[in-house]
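Q: Just one file: model09.txt, with compact mmCIF, C-alpha atoms.
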```
# COMPACT_ATOMS: atom_id res chain seq x y z
CA MET A 1 -97.90 -2.23 -182.28
CA GLY A 2 -101.02 -4.36 -181.85
CA ARG A 3 -100.88 -5.66 -185.40
CA ASP A 4 -97.25 -6.78 -185.03
CA PHE A 5 -98.05 -8.50 -181.74
CA LEU A 6 -100.84 -10.46 -183.45
CA ALA A 7 -98.72 -11.35 -186.45
CA ASN A 8 -95.62 -12.42 -184.55
CA GLN A 9 -96.66 -13.69 -181.13
CA VAL A 10 -100.23 -15.01 -181.21
CA SER A 11 -100.91 -18.71 -181.75
CA PHE A 12 -104.27 -20.43 -181.48
CA ASP A 13 -102.69 -23.84 -181.00
CA GLN A 14 -103.66 -23.86 -177.33
CA ARG A 15 -104.92 -26.40 -174.81
CA GLY A 16 -108.21 -26.08 -173.00
CA THR A 17 -111.62 -24.78 -174.00
CA VAL A 18 -112.82 -21.36 -175.05
CA SER A 19 -116.24 -19.79 -175.49
CA LEU A 20 -117.27 -20.35 -179.11
CA PHE A 21 -119.48 -17.26 -179.06
CA GLU A 22 -116.98 -14.90 -177.43
CA SER A 23 -114.07 -16.17 -179.52
CA THR A 24 -116.07 -15.67 -182.69
CA ILE A 25 -117.45 -12.19 -182.12
CA ARG A 26 -114.36 -10.74 -180.42
CA ILE A 27 -111.26 -12.54 -181.70
CA LEU A 28 -112.36 -13.78 -185.11
CA GLY A 29 -114.47 -10.68 -185.67
CA GLY A 30 -111.59 -8.47 -184.58
CA LEU A 31 -109.15 -10.14 -186.95
CA LEU A 32 -111.59 -9.88 -189.85
CA SER A 33 -112.28 -6.23 -189.06
CA ALA A 34 -108.56 -5.47 -188.93
CA TYR A 35 -108.06 -7.26 -192.23
CA HIS A 36 -110.91 -5.24 -193.77
CA LEU A 37 -109.41 -1.99 -192.46
CA SER A 38 -106.10 -2.95 -194.08
CA GLY A 39 -107.88 -2.73 -197.41
CA GLU A 40 -107.99 -6.54 -197.42
CA THR A 41 -104.25 -6.62 -198.05
CA ASP A 42 -102.74 -7.82 -194.74
CA THR A 43 -102.52 -11.53 -195.50
CA LYS A 44 -101.04 -12.38 -192.10
CA LEU A 45 -104.23 -11.21 -190.39
CA LEU A 46 -106.33 -13.28 -192.78
CA MET A 47 -104.15 -16.33 -192.13
CA LEU A 48 -104.70 -15.93 -188.39
CA ALA A 49 -108.44 -15.57 -188.92
CA ASP A 50 -108.52 -18.65 -191.13
CA ASP A 51 -106.54 -20.67 -188.58
CA LEU A 52 -108.84 -19.67 -185.73
CA GLY A 53 -111.95 -20.15 -187.84
CA SER A 54 -110.92 -23.68 -188.84
CA ARG A 55 -110.40 -24.59 -185.19
CA LEU A 56 -113.70 -23.11 -184.02
CA ALA A 57 -115.63 -24.58 -186.95
CA LYS A 58 -114.96 -28.13 -185.73
CA SER A 59 -117.59 -27.46 -183.07
CA PHE A 60 -120.29 -27.43 -185.75
CA ASN A 61 -119.88 -31.19 -186.19
CA THR A 62 -123.03 -32.16 -184.29
CA THR A 63 -126.21 -33.97 -185.27
CA THR A 64 -128.11 -30.78 -186.07
CA GLY A 65 -125.16 -28.44 -186.60
CA ILE A 66 -126.06 -26.55 -183.41
CA PRO A 67 -122.68 -26.23 -181.67
CA PRO A 68 -121.84 -26.51 -177.98
CA GLU A 69 -121.18 -23.26 -176.17
CA THR A 70 -117.47 -24.10 -175.83
CA ALA A 71 -114.83 -25.04 -178.38
CA THR A 72 -111.61 -27.02 -177.99
CA LEU A 73 -108.94 -25.51 -180.21
CA ARG A 74 -106.73 -28.62 -180.41
CA SER A 75 -109.39 -31.31 -180.87
CA ASP A 76 -112.02 -32.25 -183.43
CA GLY A 77 -114.64 -30.27 -181.59
CA MET A 78 -117.14 -31.15 -178.91
CA SER A 79 -119.96 -33.19 -180.37
CA PHE A 80 -121.83 -33.57 -177.08
CA ALA A 81 -123.83 -30.33 -177.34
CA TYR A 82 -127.13 -30.53 -175.48
CA VAL A 83 -129.20 -27.48 -174.58
CA CYS A 84 -127.55 -24.32 -175.88
CA SER A 85 -128.12 -20.59 -175.82
CA THR A 86 -130.33 -19.38 -178.68
CA SER A 87 -128.47 -16.11 -179.04
CA GLU A 88 -125.00 -17.65 -178.95
CA SER A 89 -125.89 -20.12 -181.70
CA SER A 90 -127.32 -17.35 -183.91
CA THR A 91 -124.45 -14.86 -183.45
CA LEU A 92 -121.78 -16.71 -185.42
CA GLN A 93 -123.02 -16.14 -188.93
CA LEU A 94 -121.64 -12.72 -189.93
CA GLU A 95 -118.04 -13.63 -189.14
CA PHE A 96 -118.03 -17.09 -190.66
CA ARG A 97 -119.85 -15.93 -193.79
CA TYR A 98 -117.30 -13.17 -194.30
CA LEU A 99 -114.46 -15.61 -193.65
CA ALA A 100 -115.92 -17.95 -196.29
CA HIS A 101 -115.99 -15.06 -198.76
CA LEU A 102 -112.40 -14.06 -198.07
CA THR A 103 -110.93 -17.58 -198.13
CA ASN A 104 -113.16 -19.06 -200.84
CA ASN A 105 -113.93 -21.85 -198.40
CA PRO A 106 -117.69 -22.56 -198.52
CA MET A 107 -117.48 -24.85 -195.47
CA TYR A 108 -117.57 -21.85 -193.15
CA LYS A 109 -120.78 -20.46 -194.61
CA GLU A 110 -122.44 -23.84 -194.99
CA SER A 111 -121.81 -24.64 -191.33
CA VAL A 112 -123.43 -21.51 -189.93
CA ASP A 113 -126.21 -21.49 -192.53
CA ARG A 114 -127.17 -24.94 -191.30
CA ILE A 115 -127.74 -23.50 -187.83
CA ILE A 116 -130.07 -20.83 -189.17
CA ASP A 117 -131.94 -23.36 -191.33
CA VAL A 118 -132.64 -25.45 -188.23
CA MET A 119 -133.88 -22.39 -186.35
CA LEU A 120 -136.06 -21.19 -189.23
CA ASN A 121 -137.77 -24.58 -189.43
CA ALA A 122 -138.33 -25.00 -185.67
CA PRO A 123 -141.80 -24.22 -184.22
CA LYS A 124 -142.05 -20.81 -182.56
CA TYR A 125 -144.41 -18.75 -180.42
CA ASP A 126 -145.84 -16.41 -183.06
CA SER A 127 -142.31 -15.99 -184.52
CA LEU A 128 -140.77 -15.43 -181.08
CA VAL A 129 -138.32 -17.99 -179.73
CA PRO A 130 -137.36 -19.24 -176.27
CA THR A 131 -133.86 -18.53 -175.01
CA ARG A 132 -132.63 -22.14 -175.33
CA ILE A 133 -132.40 -24.64 -178.17
CA ASP A 134 -131.87 -28.40 -177.98
CA ALA A 135 -128.84 -29.25 -180.09
CA LYS A 136 -129.92 -32.86 -180.48
CA THR A 137 -133.43 -32.18 -181.80
CA GLY A 138 -133.08 -28.68 -183.22
CA LEU A 139 -136.15 -27.58 -181.27
CA PHE A 140 -136.42 -24.53 -179.05
CA VAL A 141 -136.85 -25.39 -175.38
CA GLY A 142 -137.47 -23.47 -172.18
CA THR A 143 -140.30 -21.33 -170.93
CA GLU A 144 -138.92 -17.80 -171.34
CA ILE A 145 -138.99 -15.43 -174.32
CA SER A 146 -136.63 -12.51 -173.98
CA LEU A 147 -134.80 -10.02 -176.16
CA GLY A 148 -132.20 -9.83 -173.42
CA SER A 149 -129.68 -12.42 -172.33
CA ARG A 150 -129.64 -15.60 -174.47
CA GLY A 151 -132.32 -14.29 -176.83
CA ASP A 152 -131.20 -10.95 -178.27
CA SER A 153 -128.91 -11.88 -181.15
CA TYR A 154 -131.40 -14.20 -182.82
CA TYR A 155 -133.49 -11.17 -183.77
CA GLU A 156 -130.55 -8.84 -184.39
CA TYR A 157 -128.65 -11.12 -186.74
CA MET A 158 -131.62 -12.18 -188.86
CA LEU A 159 -131.69 -8.63 -190.16
CA LYS A 160 -127.93 -8.15 -190.33
CA GLN A 161 -127.41 -11.38 -192.27
CA TRP A 162 -130.00 -10.21 -194.79
CA LEU A 163 -128.20 -6.89 -195.16
CA GLN A 164 -124.81 -8.62 -195.37
CA THR A 165 -126.02 -10.67 -198.34
CA LYS A 166 -127.15 -7.51 -200.18
CA GLN A 167 -130.75 -8.26 -199.24
CA SER A 168 -130.73 -11.43 -201.33
CA GLU A 169 -131.78 -14.06 -198.75
CA VAL A 170 -135.44 -13.17 -198.47
CA ASP A 171 -136.31 -15.82 -195.86
CA LEU A 172 -134.14 -13.98 -193.32
CA ARG A 173 -136.02 -10.71 -193.84
CA VAL A 174 -139.37 -12.48 -193.71
CA GLU A 175 -138.41 -14.09 -190.39
CA TYR A 176 -137.19 -10.77 -188.99
CA ASP A 177 -140.38 -8.94 -189.96
CA ALA A 178 -142.53 -11.67 -188.44
CA ALA A 179 -140.53 -11.51 -185.22
CA VAL A 180 -140.96 -7.72 -185.02
CA ARG A 181 -144.71 -8.19 -185.33
CA GLY A 182 -144.56 -10.69 -182.45
CA ILE A 183 -142.47 -8.29 -180.36
CA LYS A 184 -145.00 -5.50 -180.85
CA LYS A 185 -147.91 -7.81 -180.10
CA TYR A 186 -146.64 -9.42 -176.92
CA LEU A 187 -143.69 -7.54 -175.46
CA VAL A 188 -144.01 -3.79 -176.04
CA ARG A 189 -145.56 -1.76 -173.22
CA THR A 190 -145.70 1.88 -172.05
CA SER A 191 -144.96 2.90 -168.46
CA PRO A 192 -147.67 4.79 -166.51
CA ARG A 193 -145.94 7.99 -165.34
CA GLN A 194 -143.15 8.78 -167.76
CA GLY A 195 -144.77 7.17 -170.76
CA LEU A 196 -141.62 5.19 -171.54
CA THR A 197 -141.92 2.54 -174.24
CA TYR A 198 -140.12 -0.64 -173.23
CA VAL A 199 -139.79 -4.29 -174.23
CA GLY A 200 -140.53 -6.81 -171.51
CA GLU A 201 -140.38 -10.60 -171.40
CA MET A 202 -142.75 -13.53 -171.48
CA VAL A 203 -142.48 -16.34 -168.97
CA ASP A 204 -144.15 -19.74 -168.79
CA VAL A 205 -144.84 -19.78 -172.53
CA THR A 206 -145.46 -23.54 -172.46
CA GLY A 207 -148.29 -23.08 -169.96
CA GLU A 208 -150.14 -19.82 -169.37
CA PRO A 209 -147.85 -17.07 -170.73
CA LYS A 210 -147.28 -14.15 -168.39
CA PHE A 211 -145.77 -10.76 -169.12
CA SER A 212 -142.82 -9.53 -167.07
CA PRO A 213 -141.80 -5.83 -167.16
CA LYS A 214 -138.11 -6.81 -167.04
CA MET A 215 -135.80 -5.24 -169.62
CA ASP A 216 -132.11 -6.08 -169.78
CA HIS A 217 -129.69 -3.43 -170.99
CA LEU A 218 -129.00 -5.86 -173.84
CA VAL A 219 -132.48 -5.13 -175.22
CA CYS A 220 -131.37 -1.63 -176.16
CA PHE A 221 -129.88 -3.11 -179.35
CA LEU A 222 -133.44 -3.14 -180.68
CA ALA A 223 -133.71 0.64 -181.07
CA GLY A 224 -130.88 0.72 -183.60
CA ASN A 225 -131.94 -2.54 -185.21
CA LEU A 226 -135.45 -1.27 -185.86
CA ALA A 227 -134.04 1.88 -187.45
CA LEU A 228 -131.71 -0.23 -189.57
CA GLY A 229 -134.56 -2.48 -190.65
CA ALA A 230 -136.86 0.41 -191.46
CA THR A 231 -134.34 2.20 -193.66
CA ASN A 232 -132.23 -0.76 -194.88
CA GLY A 233 -129.19 1.24 -193.82
CA THR A 234 -130.09 4.27 -195.95
CA HIS A 235 -130.58 7.78 -194.54
CA VAL A 236 -134.25 8.33 -193.82
CA ARG A 237 -134.45 11.19 -196.36
CA LYS A 238 -133.42 8.77 -199.13
CA ALA A 239 -135.22 5.68 -197.93
CA HIS A 240 -138.56 4.59 -199.37
CA LEU A 241 -140.51 3.92 -196.19
CA SER A 242 -143.62 1.77 -196.09
CA ALA A 243 -146.25 2.21 -193.39
CA ARG A 244 -144.59 -0.66 -191.49
CA ASP A 245 -141.19 1.00 -191.83
CA ARG A 246 -142.52 4.28 -190.45
CA ASP A 247 -144.10 2.46 -187.53
CA ASP A 248 -140.83 0.61 -186.83
CA LEU A 249 -138.95 3.91 -186.91
CA VAL A 250 -141.34 5.43 -184.38
CA LEU A 251 -140.77 2.48 -182.07
CA ALA A 252 -137.00 2.76 -182.62
CA ARG A 253 -137.01 6.40 -181.47
CA GLU A 254 -139.23 5.61 -178.47
CA LEU A 255 -137.01 2.75 -177.34
CA GLY A 256 -133.95 4.95 -177.86
CA GLU A 257 -135.43 7.50 -175.48
CA THR A 258 -136.20 4.80 -172.92
CA CYS A 259 -132.64 3.51 -173.07
CA ALA A 260 -131.43 7.08 -172.58
CA HIS A 261 -133.56 7.29 -169.42
CA MET A 262 -131.99 4.08 -168.16
CA TYR A 263 -128.71 6.02 -168.16
CA PHE A 264 -129.67 9.57 -167.34
CA ASP A 265 -132.14 8.78 -164.54
CA THR A 266 -129.40 7.18 -162.41
CA PRO A 267 -127.15 9.27 -160.15
CA SER A 268 -124.04 8.02 -161.98
CA GLY A 269 -125.42 8.56 -165.47
CA LEU A 270 -124.81 4.90 -166.30
CA ALA A 271 -127.45 2.24 -166.92
CA PRO A 272 -127.92 -0.84 -164.73
CA GLU A 273 -127.60 -4.33 -166.16
CA ILE A 274 -131.32 -4.98 -165.70
CA ALA A 275 -134.27 -2.67 -165.17
CA TYR A 276 -137.92 -3.26 -164.37
CA PHE A 277 -140.74 -0.91 -165.28
CA ALA A 278 -143.63 0.10 -163.06
CA LEU A 279 -146.96 -1.40 -164.03
CA SER A 280 -148.94 1.07 -161.89
CA ASN A 281 -148.51 4.42 -160.17
CA GLU A 282 -147.37 2.79 -156.94
CA THR A 283 -143.92 3.85 -155.73
CA THR A 284 -141.08 1.95 -154.06
CA ASN A 285 -137.58 2.87 -152.94
CA GLN A 286 -136.22 1.07 -156.00
CA ILE A 287 -137.61 3.64 -158.46
CA LEU A 288 -135.14 6.00 -160.14
CA SER A 289 -135.84 9.75 -160.06
CA ASN A 290 -139.47 9.22 -159.01
CA GLY A 291 -140.14 7.80 -162.43
CA ASP A 292 -141.05 4.37 -163.78
CA ILE A 293 -137.70 2.56 -163.85
CA LEU A 294 -137.12 0.17 -160.95
CA VAL A 295 -133.73 -1.34 -160.23
CA PRO A 296 -133.48 -4.02 -157.50
CA PRO A 297 -130.13 -4.04 -155.62
CA LEU A 298 -128.80 -7.18 -157.35
CA ASP A 299 -129.33 -5.65 -160.80
CA ARG A 300 -127.62 -2.29 -160.25
CA HIS A 301 -124.23 -3.23 -161.63
CA SER A 302 -122.88 -2.08 -165.00
CA LEU A 303 -120.76 -4.12 -167.41
CA LEU A 304 -120.23 -1.06 -169.66
CA ARG A 305 -122.20 -2.72 -172.43
CA PRO A 306 -122.28 -1.17 -175.93
CA GLU A 307 -125.86 -1.80 -177.09
CA THR A 308 -127.32 1.59 -176.23
CA VAL A 309 -124.45 3.59 -177.70
CA GLU A 310 -124.62 1.52 -180.90
CA SER A 311 -128.33 2.31 -181.15
CA PHE A 312 -127.66 6.01 -180.57
CA TYR A 313 -125.08 5.91 -183.36
CA LEU A 314 -127.43 4.18 -185.80
CA LEU A 315 -130.32 6.53 -184.96
CA TRP A 316 -128.07 9.54 -185.53
CA LYS A 317 -126.56 8.13 -188.72
CA LEU A 318 -129.90 7.10 -190.22
CA THR A 319 -132.04 10.08 -189.15
CA GLY A 320 -129.50 12.91 -188.84
CA GLU A 321 -131.05 13.89 -185.50
CA LYS A 322 -128.25 15.42 -183.45
CA LYS A 323 -129.70 14.49 -180.07
CA TRP A 324 -128.66 10.87 -180.51
CA ARG A 325 -125.02 11.85 -180.92
CA GLU A 326 -125.36 14.12 -177.88
CA TYR A 327 -126.82 11.22 -175.89
CA GLY A 328 -123.84 9.10 -176.87
CA TRP A 329 -121.46 11.79 -175.70
CA ARG A 330 -123.23 11.98 -172.33
CA VAL A 331 -122.78 8.23 -171.89
CA PHE A 332 -119.10 8.56 -172.79
CA GLU A 333 -118.68 11.34 -170.23
CA ALA A 334 -120.32 9.19 -167.54
CA ILE A 335 -117.97 6.30 -168.36
CA GLU A 336 -115.02 8.67 -168.09
CA ARG A 337 -116.22 9.97 -164.72
CA CYS A 338 -116.95 6.58 -163.20
CA ALA A 339 -114.68 4.05 -164.87
CA HIS A 340 -111.73 6.01 -166.28
CA GLY A 341 -108.42 4.23 -166.11
CA GLU A 342 -109.14 0.54 -165.80
CA TYR A 343 -112.60 0.75 -167.47
CA THR A 344 -113.83 -2.06 -165.25
CA SER A 345 -117.34 -3.17 -164.45
CA LEU A 346 -119.09 -1.20 -161.71
CA ASP A 347 -120.95 -2.46 -158.65
CA ASP A 348 -123.84 -0.01 -158.34
CA VAL A 349 -124.86 2.76 -160.74
CA THR A 350 -127.20 4.30 -158.17
CA VAL A 351 -124.31 5.56 -156.01
CA VAL A 352 -121.62 8.13 -156.81
CA PRO A 353 -118.93 7.19 -157.35
CA PRO A 354 -119.73 3.55 -158.12
CA THR A 355 -117.27 1.00 -156.75
CA LYS A 356 -115.09 -0.50 -159.47
CA ARG A 357 -114.94 -4.26 -159.83
CA ASP A 358 -111.78 -6.21 -160.45
CA SER A 359 -113.13 -7.40 -163.81
CA VAL A 360 -113.95 -6.04 -167.22
```
Show this structure as C-alpha cells.
A:
Amino acid sequence: MGRDFLANQVSFDQRGTVSLFESTIRILGGLLSAYHLSGETDTKLLMLADDLGSRLAKSFNTTTGIPPETATLRSDGMSFAYVCSTSESSTLQLEFRYLAHLTNNPMYKESVDRIIDVMLNAPKYDSLVPTRIDAKTGLFVGTEISLGSRGDSYYEYMLKQWLQTKQSEVDLRVEYDAAVRGIKKYLVRTSPRQGLTYVGEMVDVTGEPKFSPKMDHLVCFLAGNLALGATNGTHVRKAHLSARDRDDLVLARELGETCAHMYFDTPSGLAPEIAYFALSNETTNQILSNGDILVPPLDRHSLLRPETVESFYLLWKLTGEKKWREYGWRVFEAIERCAHGEYTSLDDVTVVPPTKRDSV
C-alpha cells in the first residue's frame, strides 16, 4: 500500500536540489493530508512530514525570509535567493502553519509568516502585485501583474490563511478584499460576442500600464476563491452576505461560466493552458466555436490542471447549484476520453484526439 511504501521506503536524506514550492504543496501537503485523514493518529506520517519540513525550512534563512525557488535537502539551505516568484513564495504558508500546529514547533509558522509580513508591507499597485519579488530587498519587481503564472497564489492564499486561522488574522482578510477591489477595477472585462467575463493582465505597470486580454487556465482558481470569500465557507443559504459579498458571488459565477467555456468550446472538451479574449467583433482562425476565446497554436496544450474543477466543486458546495457538479463531470469525461491510461499532458486541445505528451 501507498502508506506502507512511505513509512518504510521513503527517505528525504537525498543529494541535489528540489523545488521548494512543489515539494511543499505536493509532498509535504500530501503527507499532512494523509496524517489528517488518519485521524491525526499515524505518527510515522507526521514524522516524515516533520523531517521534510525541517529540511525545506532551512531555505527561509535569507535576509528577508523570502526563500529561493529551490531547496537543498542535505545542506543548510540556499541563502543566495535573488528575484523569486511571487506566487511560489506565498504558497507555503498553509502547510507550514499546519505542521507548526501538529509538532508544536513555532519555527515553521514564524518562518512563513515572515514572508507574508514582508509582502504585506511592500508597495503595491492599488493592492495588486507584480509576479516577482526581490528576496534581498523584499520589494516587488517586474512590470507584469497577473493572476496566472507566478501571481495566482498570492491572492488565493491570503484568503485561505485567514480561513485557516479561524478568521482571526484580520490583516490577511483586509489585504484580500483590497486586492479583489483592484482586480475588479483593472483586470475584469467582458467579451463582445459571448458576453464572457474574464480576468486579463496588466503589462508595463512601471511605465504606462496596458491591459492584455490574456487569461491563463490558472486564473480559474478565482471563481471558487471569490465564492469562498463571499460566504466564508458557509452555504449561501446560511451565510450573511453583504453587498460586497453578493457582488463577489456574481463575479464568481460569471468567471465559472467563462472557465466552462474554455473547456466546452474546444473540440476535445479540454481547456488550453492560455486563452486570449477578443476585444472586438473581428474574427480570426484562432477563435473557438466562432466565439470570443482565441487560442494561439503555442498555447493550445493542456497540463490537466485542477483549478477549474476545484472552482466548480466550491461553487456547487457553497451554492447547491447542480450545474457546477455537472460541469465537473463533463471535464472528467473529457479527461477520460483524451488522456485515459497515462493521464499525460496533451499537445493540442483543438484537435481530436489530442496527441499525448511523454510528461505529466
Q: Might you pull out every residue within 7 Å of segment 232-239 of chain A, with all atoms listed in the file counted and same-chain residues fewer than 2 positions away left off, and present them as a list in words?
A: Leu228, Gly229, Ala230, Leu241, Leu318 and Thr319 of chain A
Q: So how many Å separate atom CA of Cys84 of chain A and atom CA of Thr72 of chain A, to one decimal?
A: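 Pair atom CA of Cys84 of chain A / atom CA of Thr72 of chain A returns 16.3 Å.
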Q: One decimal, Å: what's the distance from atom CA of Thr165 of chain A over to atom CA of Gln93 of chain A, could you say?
A: 11.3 Å
Q: For the contact check between segment 207-244 of chain A and segment 312-315 of chain A, emit one row per residue of segment 207-244 of chain A within 8 Å, containing the shortest atom pair and the distance in Å rounded to one decimal, counting all atoms listed in the file, chain then rising number order, as a tab-separated table.
A:
```
residue	atom	partner	partner_atom	distance
A:Ala223	CA	A:Leu315	CA	7.8
A:Gly224	CA	A:Leu314	CA	5.4
A:Ala227	CA	A:Leu315	CA	6.5
A:Leu228	CA	A:Leu314	CA	7.2
```
Q: How many Å lie between atom CA of Leu73 of chain A and atom CA of Arg55 of chain A, rounded to one decimal?
A: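 Calculated distance between atom CA of Leu73 of chain A and atom CA of Arg55 of chain A is 5.3 Å.
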Q: Using all atoms listed in the file - which residues lie no farther than 12 Å from the point (-143.8, -19.2, -185.3) in the file's frame? Write them as a count of residues only.
A: 22
Q: So which residues are close to (-126.4, -11.3, -186.4), meaning at most 9 Å away in the file's coordinates with only C-alpha atoms counted, and can you show them as number ranges by chain?
A: A: 90-94, 153-161
Q: Given only C-alpha atoms as the basis, pick out the residue of A:Arg97, A:Ile27, A:Thr41, A:Pro353 nearest to Glu336 of chain A.
A: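 Using only C-alpha atoms, Glu336 of chain A sits closest to A:Pro353.
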Q: Neighbours of Val349 of chain A within 8 Å (all atoms listed in the file; same-chain residues fewer than 2 positions away dropped), as a PDB file with C-alpha atoms, keeping the file's coordinate frame?
A:
```pdb
ATOM      1  CA  THR A 266    -129.400   7.180-162.410  1.00  0.00           C
ATOM      2  CA  PRO A 267    -127.150   9.270-160.150  1.00  0.00           C
ATOM      3  CA  SER A 268    -124.040   8.020-161.980  1.00  0.00           C
ATOM      4  CA  GLY A 269    -125.420   8.560-165.470  1.00  0.00           C
ATOM      5  CA  LEU A 270    -124.810   4.900-166.300  1.00  0.00           C
ATOM      6  CA  ALA A 271    -127.450   2.240-166.920  1.00  0.00           C
ATOM      7  CA  PRO A 272    -127.920  -0.840-164.730  1.00  0.00           C
ATOM      8  CA  ARG A 300    -127.620  -2.290-160.250  1.00  0.00           C
ATOM      9  CA  HIS A 301    -124.230  -3.230-161.630  1.00  0.00           C
ATOM     10  CA  SER A 302    -122.880  -2.080-165.000  1.00  0.00           C
ATOM     11  CA  LEU A 346    -119.090  -1.200-161.710  1.00  0.00           C
ATOM     12  CA  ASP A 347    -120.950  -2.460-158.650  1.00  0.00           C
ATOM     13  CA  VAL A 351    -124.310   5.560-156.010  1.00  0.00           C
ATOM     14  CA  VAL A 352    -121.620   8.130-156.810  1.00  0.00           C
ATOM     15  CA  PRO A 354    -119.730   3.550-158.120  1.00  0.00           C
TER      16      PRO A 354
END
```
Q: Measuring atom to atom with only C-alpha atoms, identify which of A:Gln194, A:Thr137, A:Ser149, A:Gln164 is nearest to Ser85 of chain A.
A: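 Residue with the minimum atom-to-atom distance to Ser85 of chain A: A:Ser149.
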Q: Within 8 Å of Ser345 of chain A, counting all atoms listed in the file, which residues qualify if same-chain residues fewer than 3 places away don't, as a list in words?
A: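 Answer for this query is His301, Ser302, Leu303, Leu304, Ala339, Lys356, Arg357, Asp358, Ser359 and Val360 of chain A.
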Q: List the neighbours of Leu31 of chain A out to 6 Å using only C-alpha atoms; skip same-chain residues closer than 3 positions along the sequence, and give me the result as a ChimeraX atom specification.
A: /A:28,34,49
Q: So which one's closest to Asp348 of chain A, A:Asp299, A:Asp152, A:Glu310, A:Glu321? Using all atoms listed in the file, please.
A: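 Counting all atoms listed in the file, the residue closest to Asp348 of chain A is A:Asp299.
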Q: I'd like to know which of A:Gly320, A:Ser33, A:Asp42, A:Thr24 is closest to Asp4 of chain A, using all atoms listed in the file.
A: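 Of A:Gly320, A:Ser33, A:Asp42, A:Thr24, the one nearest Asp4 of chain A is A:Asp42, counting all atoms listed in the file.
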Q: Determine, counting only C-alpha atoms, which protein, DNA and RNA residues have an atom within 10 Å of an atom of Met107 of chain A; residues of the same chain fewer than 4 positions away are not included. Present the result as a count of residues only.
A: 9
Q: Let me make sure I understand: among A:His240, A:Lys184, A:His261, A:Arg132, which one has the smallest atom-to-atom distance to Arg150 of chain A if we use all atoms listed in the file?
A: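 So, comparing all the options, the nearest one is A:Arg132.
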Q: Please rebuild segment 276-287 of chain A with N, CA, C and O atoms and return the result as an mmCIF file, keeping the file's coordinate frame.
A:
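To be explicit, this is the file written out as result15.cif:
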```cif
data_model
loop_
_atom_site.group_PDB
_atom_site.id
_atom_site.type_symbol
_atom_site.label_atom_id
_atom_site.label_comp_id
_atom_site.auth_asym_id
_atom_site.auth_seq_id
_atom_site.Cartn_x
_atom_site.Cartn_y
_atom_site.Cartn_z
ATOM 1 N N TYR A 276 -136.506 -2.901 -164.328
ATOM 2 C CA TYR A 276 -137.920 -3.260 -164.370
ATOM 3 C C TYR A 276 -138.723 -1.974 -164.513
ATOM 4 O O TYR A 276 -138.279 -0.900 -164.088
ATOM 5 N N PHE A 277 -139.914 -2.087 -165.074
ATOM 6 C CA PHE A 277 -140.740 -0.910 -165.280
ATOM 7 C C PHE A 277 -142.024 -1.026 -164.478
ATOM 8 O O PHE A 277 -142.621 -2.102 -164.388
ATOM 9 N N ALA A 278 -142.425 0.085 -163.885
ATOM 10 C CA ALA A 278 -143.630 0.100 -163.060
ATOM 11 C C ALA A 278 -144.844 -0.239 -163.923
ATOM 12 O O ALA A 278 -144.982 0.231 -165.049
ATOM 13 N N LEU A 279 -145.716 -1.056 -163.359
ATOM 14 C CA LEU A 279 -146.960 -1.400 -164.030
ATOM 15 C C LEU A 279 -148.127 -0.550 -163.537
ATOM 16 O O LEU A 279 -149.209 -0.568 -164.123
ATOM 17 N N SER A 280 -147.899 0.197 -162.451
ATOM 18 C CA SER A 280 -148.940 1.070 -161.890
ATOM 19 C C SER A 280 -148.271 2.308 -161.337
ATOM 20 O O SER A 280 -147.054 2.491 -161.442
ATOM 21 N N ASN A 281 -149.048 3.187 -160.729
ATOM 22 C CA ASN A 281 -148.510 4.420 -160.170
ATOM 23 C C ASN A 281 -147.947 4.248 -158.765
ATOM 24 O O ASN A 281 -147.552 5.227 -158.128
ATOM 25 N N GLU A 282 -147.937 3.023 -158.267
ATOM 26 C CA GLU A 282 -147.370 2.790 -156.940
ATOM 27 C C GLU A 282 -145.870 3.088 -156.961
ATOM 28 O O GLU A 282 -145.191 2.944 -157.972
ATOM 29 N N THR A 283 -145.337 3.506 -155.817
ATOM 30 C CA THR A 283 -143.920 3.850 -155.730
ATOM 31 C C THR A 283 -143.217 2.913 -154.754
ATOM 32 O O THR A 283 -143.829 2.384 -153.822
ATOM 33 N N THR A 284 -141.920 2.705 -154.984
ATOM 34 C CA THR A 284 -141.080 1.950 -154.060
ATOM 35 C C THR A 284 -139.725 2.665 -153.997
ATOM 36 O O THR A 284 -139.438 3.556 -154.795
ATOM 37 N N ASN A 285 -138.896 2.244 -153.058
ATOM 38 C CA ASN A 285 -137.580 2.870 -152.940
ATOM 39 C C ASN A 285 -136.611 2.399 -154.025
ATOM 40 O O ASN A 285 -135.455 2.808 -154.038
ATOM 41 N N GLN A 286 -137.073 1.531 -154.903
ATOM 42 C CA GLN A 286 -136.220 1.070 -156.000
ATOM 43 C C GLN A 286 -136.407 1.893 -157.278
ATOM 44 O O GLN A 286 -135.716 1.683 -158.265
ATOM 45 N N ILE A 287 -137.332 2.844 -157.266
ATOM 46 C CA ILE A 287 -137.610 3.640 -158.460
ATOM 47 C C ILE A 287 -136.562 4.739 -158.603
ATOM 48 O O ILE A 287 -136.175 5.402 -157.636
#
```
